[in-house]
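Undergrad: Here you go, one structure.
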Protein chains: 2
Amino acid sequence: MFVSNKKDIAKRLKGNPIITPADVCPTRDDFEVIGAFNAAAFRYKGKIGLLMRIAERPIQQADFVSIPIVDRTSGNYKIKRFRKNDPNLDMSDPRVITYKNDLYLTSVSHLRLAWSDDGINFTIDKQPAIWPSGEYEIYGVEDPRVTKIGKRFYITYSAVSDAEVAVAMSYTEDWQRFTRCGLVLHPFNKDVCLFPNKSRGKYYMLHRPSGVLWKRNWIWLSCSDDLMYWGKPVCLAKTRADKFDSARIGAGAPPIVTEDGFLEIYHGADNNHRYCLGAMILDRNNPSKILYRSDKPIMQPIASYERKGFFGNVVFTDGAIVRDEEIWIYYGASDTMTCLATMPISAIKQC
Amino acid sequence: MFVSNKKDIAKRLKGNPIITPADVCPTRDDFEVIGAFNAAAFRYKGKIGLLMRIAERPIQQADFVSIPIVDRTSGNYKIKRFRKNDPNLDMSDPRVITYKNDLYLTSVSHLRLAWSDDGINFTIDKQPAIWPSGEYEIYGVEDPRVTKIGKRFYITYSAVSDAEVAVAMSYTEDWQRFTRCGLVLHPFNKDVCLFPNKSRGKYYMLHRPSGVLWKRNWIWLSCSDDLMYWGKPVCLAKTRADKFDSARIGAGAPPIVTEDGFLEIYHGADNNHRYCLGAMILDRNNPSKILYRSDKPIMQPIASYERKGFFGNVVFTDGAIVRDEEIWIYYGASDTMTCLATMPISAIKQC
């Protein structure tokens with residue numbers, strides 16, 4: 001069911017991808033889904049749930065590029081059209097267009113649930129679970145992570161607007177009713193993962209601010225008494241020159257409790273925007289202490305579906321689940337589809 | 001004592017500047033002070049105190065540029081020298097140099113006190129009050145603001161390092177012993193001002209994150225129960241195209257309680273890096289509500305000492321004091337020296 005390769009320790013599901021854009025219905029007939037990826041993963045009532053990022057856009061017409069924006073008041077799409085031959089239009093990055101001094105995303109994402117008994121075959125909801133709302137989400141909600149704390153599943157996700165990328169939080173107990181907490185971090189932040197339990201009496205989160213002077217994309221750690229107010233930030237991990245994570249790093253799956261400490265599977269990219277997965281183990285009593293960090297990636301974009309797609313050469317995880325000493329990593333491939341790979345937890349420390 | 005001009009409502013002190021770099025002794029004989037500016041202002045025991053940003057650097061030698069870095073462990077200066085004719089060196093901005101892919105500041109700042117009976121003639125301490133410390137301040141501490149809350153004077157300031165610009169906090173009751181609180185905001189943030197009292201049971205701060213995608217430099221508002229953990233961020237104020245504050249805005253002096261609400265004197269810059277002062281009045285019961293914002297600057301760089309200096313065309317305030325219905329604005333001119341201007345509080349709303 002899973003196949004190995006010589007280049008990394010990940011065993012990929014033979015049937016990858018497990019979810020593609022074609023499997024997902026758009027929210028409007030005149031729209032197309034172009035991405036079903038970067039899914040949070042969790043267990044609920046004997047099932048495995050994924051909360052996916054679904055990227056959609058208007059079905060494109062010749063000579064024009066049409067981009068969606070969510071109206072902050074009504075929550076409905078507004079569509080902006082640009083002539084492709086307009087000299088003020090820059091479409092060199094598939095994810096964004098720039099028009100004069102304005103920047104827009106080429107698609108808008110919402111969050112949608114999928115459910116499975118075996119962790120491989122998923123039934124995808126027809127309706128969004130979390131839809132962009134208000135002024136900080138007009139360009140969409142992206143890249144959710146789910147952490148269960150007590151009875152609640154906390155969902156942290158990127159809130160994208162012309163006020164930059166911030167981090168919003170919602171929680172649910174039953175995956176039907178969601179309570180919005182608003183922004184928990186101001187811009188520029190993304191890749192927020194909450195820890196599943198307290199250390200030294202505090203809640204912790206990993207987050208990834210970006211800097212405008214030194215262009216740093218490093219992982220920071222902040223703590224909280226109540227999950228709403230965050231403080232005491234420390235820089236946890238930096239990029240490493242000449243390694244797979246030389247240009248940018250960010251938390252991936254929420255930290256997993258293991259015998260050795262909190263296992264954090266993170267993403268690292270180089271200057272060619274090649275996204276790999278790495279691993280860190282953090283001290284359970286002091287998460288600011290890195291006990292181990294993989295020298296080489298635990299997973300690289302190798303398979304054809306990881307190398308080619310909407311934005312190729314990307315493996316990116318938002319969620320992983322432990323099953324029988326193995327870790328099942330749900331990951332986005334090429335910013336397009338959802339895939340699955342496994343590896344023994346014990347093997348991770350050999351990278 | 002104060003002179004008016006036709007261009008803005010500020011009346012400048014005839015004797016400006018009140019403090020220049022030549023008035024300040026460097027911390028080492030082989031160093032020179034190049035900036036004494038951007039001072040927090042406060043009252044203490046019948047005196048007016050300024051907590052200034054003092055920028056110093058090694059006395060420069062021909063053919064070389066020497067830049068200081070504070071060692072994170074010892075707290076002592078290390079000096080880095082570059083040949084001026086090295087083709088890898090870029091010195092086009094006086095504030096920074098870039099060498100290959102590395103960025104350094106050309107000076108390091110610490111914070112130093114000055115005291116006055118009349119608010120005009122100041123005696124400057126020989127020793128720093130707050131010296132860069134630890135890994136987040138190796139390139140210095142900058143642009144302090146002081147807010148008295150209860151018995152304590154809280155000092156918020158930029159902590160500059162290769163991990164970008166974050167915000168640190170210290171407090172003191174007697175201006176002799178300082179308690180360090182560490183970072184209160186992760187990068188990229190600066191221009192933090194605490195409000196002098198609570199609204200709706202919460203403490204508030206203004207801060208200025210910067211974004212890497214839309215390049216926003218907007219003022220945000222966050223709140224706290226304890227001044228250490230901050231949350232519920234909202235975007236308070238944006239730049240305005242075709243106005244003096246079209247490119248970047250940031251809080252200036254900590255908000256001042258007036259009859260109309262919290263008076264915030266902020267800085268606004270355009271794309272030519274021309275820094276002016278503007279004013280906002282915020283609802284006392286809901287500081288996220290702007291009741292008034294000046295259409296034109298309340299103060300522009302007009303005087304020769306505001307137009308020429310280390311970094312010209314800048315007026316920038318970190319502190320103001322109310323005296324007899326007038327507001328005394330201490331401000332940095334040209335990133336070089338400390339000046340004073342006054343205006344009637346009642347006149348501010350006419351801009």
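Simple scheme: letters A, B, ... for chains in structure tokens order, numbers from 1 for residues in each chain, numbers from 1 for ligands in the order shown.
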Got a sec to pull out which chain B residues are within 8 Å of chain A, counting only C-alpha atoms, and send them as a list in words?
TA: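 Going by the stated atoms only, the list reads Asp102, Leu103, Asp162, Ala163, Glu164, Val165, Gly182, Leu183, Val184, Leu185, His186, Pro187, Phe188, Pro209, Ser210, Gly211, Val212, Leu213, Trp214, Arg216, Ser224, Met228, Tyr229, Trp230, Gly231, Lys232, Pro233, Val234 and Cys235 of chain B.
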Undergrad: Counting only C-alpha atoms, what is within 10 Å of Gly312 of chain A, bar same-chain residues fewer than 6 positions away, as a ChimeraX atom specification?
TA: /A:273-275,301,304-306,333-336
Undergrad: Determine the nearest neighbour of Met52 of chain A from the options A:Thr317, A:Thr172, A:Thr98, A:Thr179, counting only C-alpha atoms.
TA: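 Result for the nearest residue to Met52 of chain A: A:Thr317.
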Undergrad: Please return as a list in words: the residues of segment 92-320 of chain B that backbone DSSP assigns to helix (DSSP H, G or I).
TA: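 Restricting segment 92-320 of chain B to helix (DSSP H, G or I) produces Ser304, Tyr305, Glu306 and Arg307 of chain B.
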Undergrad: If we count only C-alpha atoms and set the cut-off at 7 Å, which residues sit around Tyr331 of chain A, ignoring sequence neighbours fewer than 3 positions away in its own chain? Please answer as a list in words.
TA: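 Returned residues: Asn38, Ala39, Val315, Phe316, Thr317, Asp318, Thr338, Cys339 and Leu340 of chain A.
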Undergrad: Include N, CA and C atoms and write out the residues we just selected as a PDB file, in the first residue's frame.
TA:
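To be explicit, this is the file written out as out_29.pdb:
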ATOM      1  N   ASN A  38      -2.950  21.170   1.746  1.00  0.00           N
ATOM      2  CA  ASN A  38      -2.545  21.729   3.044  1.00  0.00           C
ATOM      3  C   ASN A  38      -3.635  21.525   4.098  1.00  0.00           C
ATOM      4  N   ALA A  39      -3.937  20.253   4.351  1.00  0.00           N
ATOM      5  CA  ALA A  39      -5.037  19.890   5.240  1.00  0.00           C
ATOM      6  C   ALA A  39      -4.553  19.644   6.666  1.00  0.00           C
ATOM      7  N   VAL A 315       6.421  19.867  -1.029  1.00  0.00           N
ATOM      8  CA  VAL A 315       5.678  19.045  -0.062  1.00  0.00           C
ATOM      9  C   VAL A 315       5.527  19.896   1.191  1.00  0.00           C
ATOM     10  N   PHE A 316       4.307  19.931   1.735  1.00  0.00           N
ATOM     11  CA  PHE A 316       3.976  20.892   2.796  1.00  0.00           C
ATOM     12  C   PHE A 316       2.916  20.241   3.675  1.00  0.00           C
ATOM     13  N   THR A 317       3.214  20.076   4.954  1.00  0.00           N
ATOM     14  CA  THR A 317       2.214  19.433   5.812  1.00  0.00           C
ATOM     15  C   THR A 317       1.611  20.406   6.812  1.00  0.00           C
ATOM     16  N   ASP A 318       0.322  20.199   7.076  1.00  0.00           N
ATOM     17  CA  ASP A 318      -0.392  20.925   8.121  1.00  0.00           C
ATOM     18  C   ASP A 318      -0.922  19.977   9.188  1.00  0.00           C
ATOM     19  N   THR A 338      -3.937  16.711  -2.070  1.00  0.00           N
ATOM     20  CA  THR A 338      -3.629  16.157  -0.763  1.00  0.00           C
ATOM     21  C   THR A 338      -3.091  14.741  -0.927  1.00  0.00           C
ATOM     22  N   CYS A 339      -1.964  14.463  -0.273  1.00  0.00           N
ATOM     23  CA  CYS A 339      -1.315  13.164  -0.370  1.00  0.00           C
ATOM     24  C   CYS A 339      -1.044  12.634   1.032  1.00  0.00           C
ATOM     25  N   LEU A 340      -0.569  11.388   1.062  1.00  0.00           N
ATOM     26  CA  LEU A 340      -0.288  10.730   2.337  1.00  0.00           C
ATOM     27  C   LEU A 340       1.043   9.996   2.247  1.00  0.00           C
TER      28      LEU A 340
END
Undergrad: Enumerate, as an MDAnalysis selection string, the complete set of residues in segment 31-273 of chain B that a backbone-based DSSP assignment places in strand (DSSP E or B).
TA: chainID B and resid 31:44 47:58 64:70 77:83 89:90 96:99 102:105 108:116 123:124 130 140:149 152:161 164:172 179:185 189:194 199 202:210 217 219:224 230:237 248:251 256:258 261:269
Undergrad: Near segment 25-32 of chain A, within 6 Å and counting only C-alpha atoms, which residues show up once chain neighbours fewer than 5 positions away are dropped, as a list in words?
TA: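 In the requested format, the answer is Glu56, Arg57, Pro58 and Ile59 of chain A.
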Undergrad: Excluding Met91 of chain B and any residue of its chain fewer than 5 positions from it, enumerate the residues within 12 Å of it, using only C-alpha atoms, and give them as number ranges by chain.
TA: B: 64-67, 82-86, 96-100, 103-106
Undergrad: Env of Val146 of chain A: 7 Å cut, atoms = only C-alpha atoms, seq-sep filter 5 positions within chain, self excluded. Answer as JSON, numbers by chain.
TA: {"A": [40, 41, 42, 153, 154, 155, 156]}
Undergrad: Might you pull out every residue within 7 Å of Glu142 of chain A, with only C-alpha atoms counted and same-chain residues fewer than 5 positions away left off, and present them as a list in words?
TA: Arg53, Ser109, His110, Tyr157, Ser158 and Ala159 of chain A
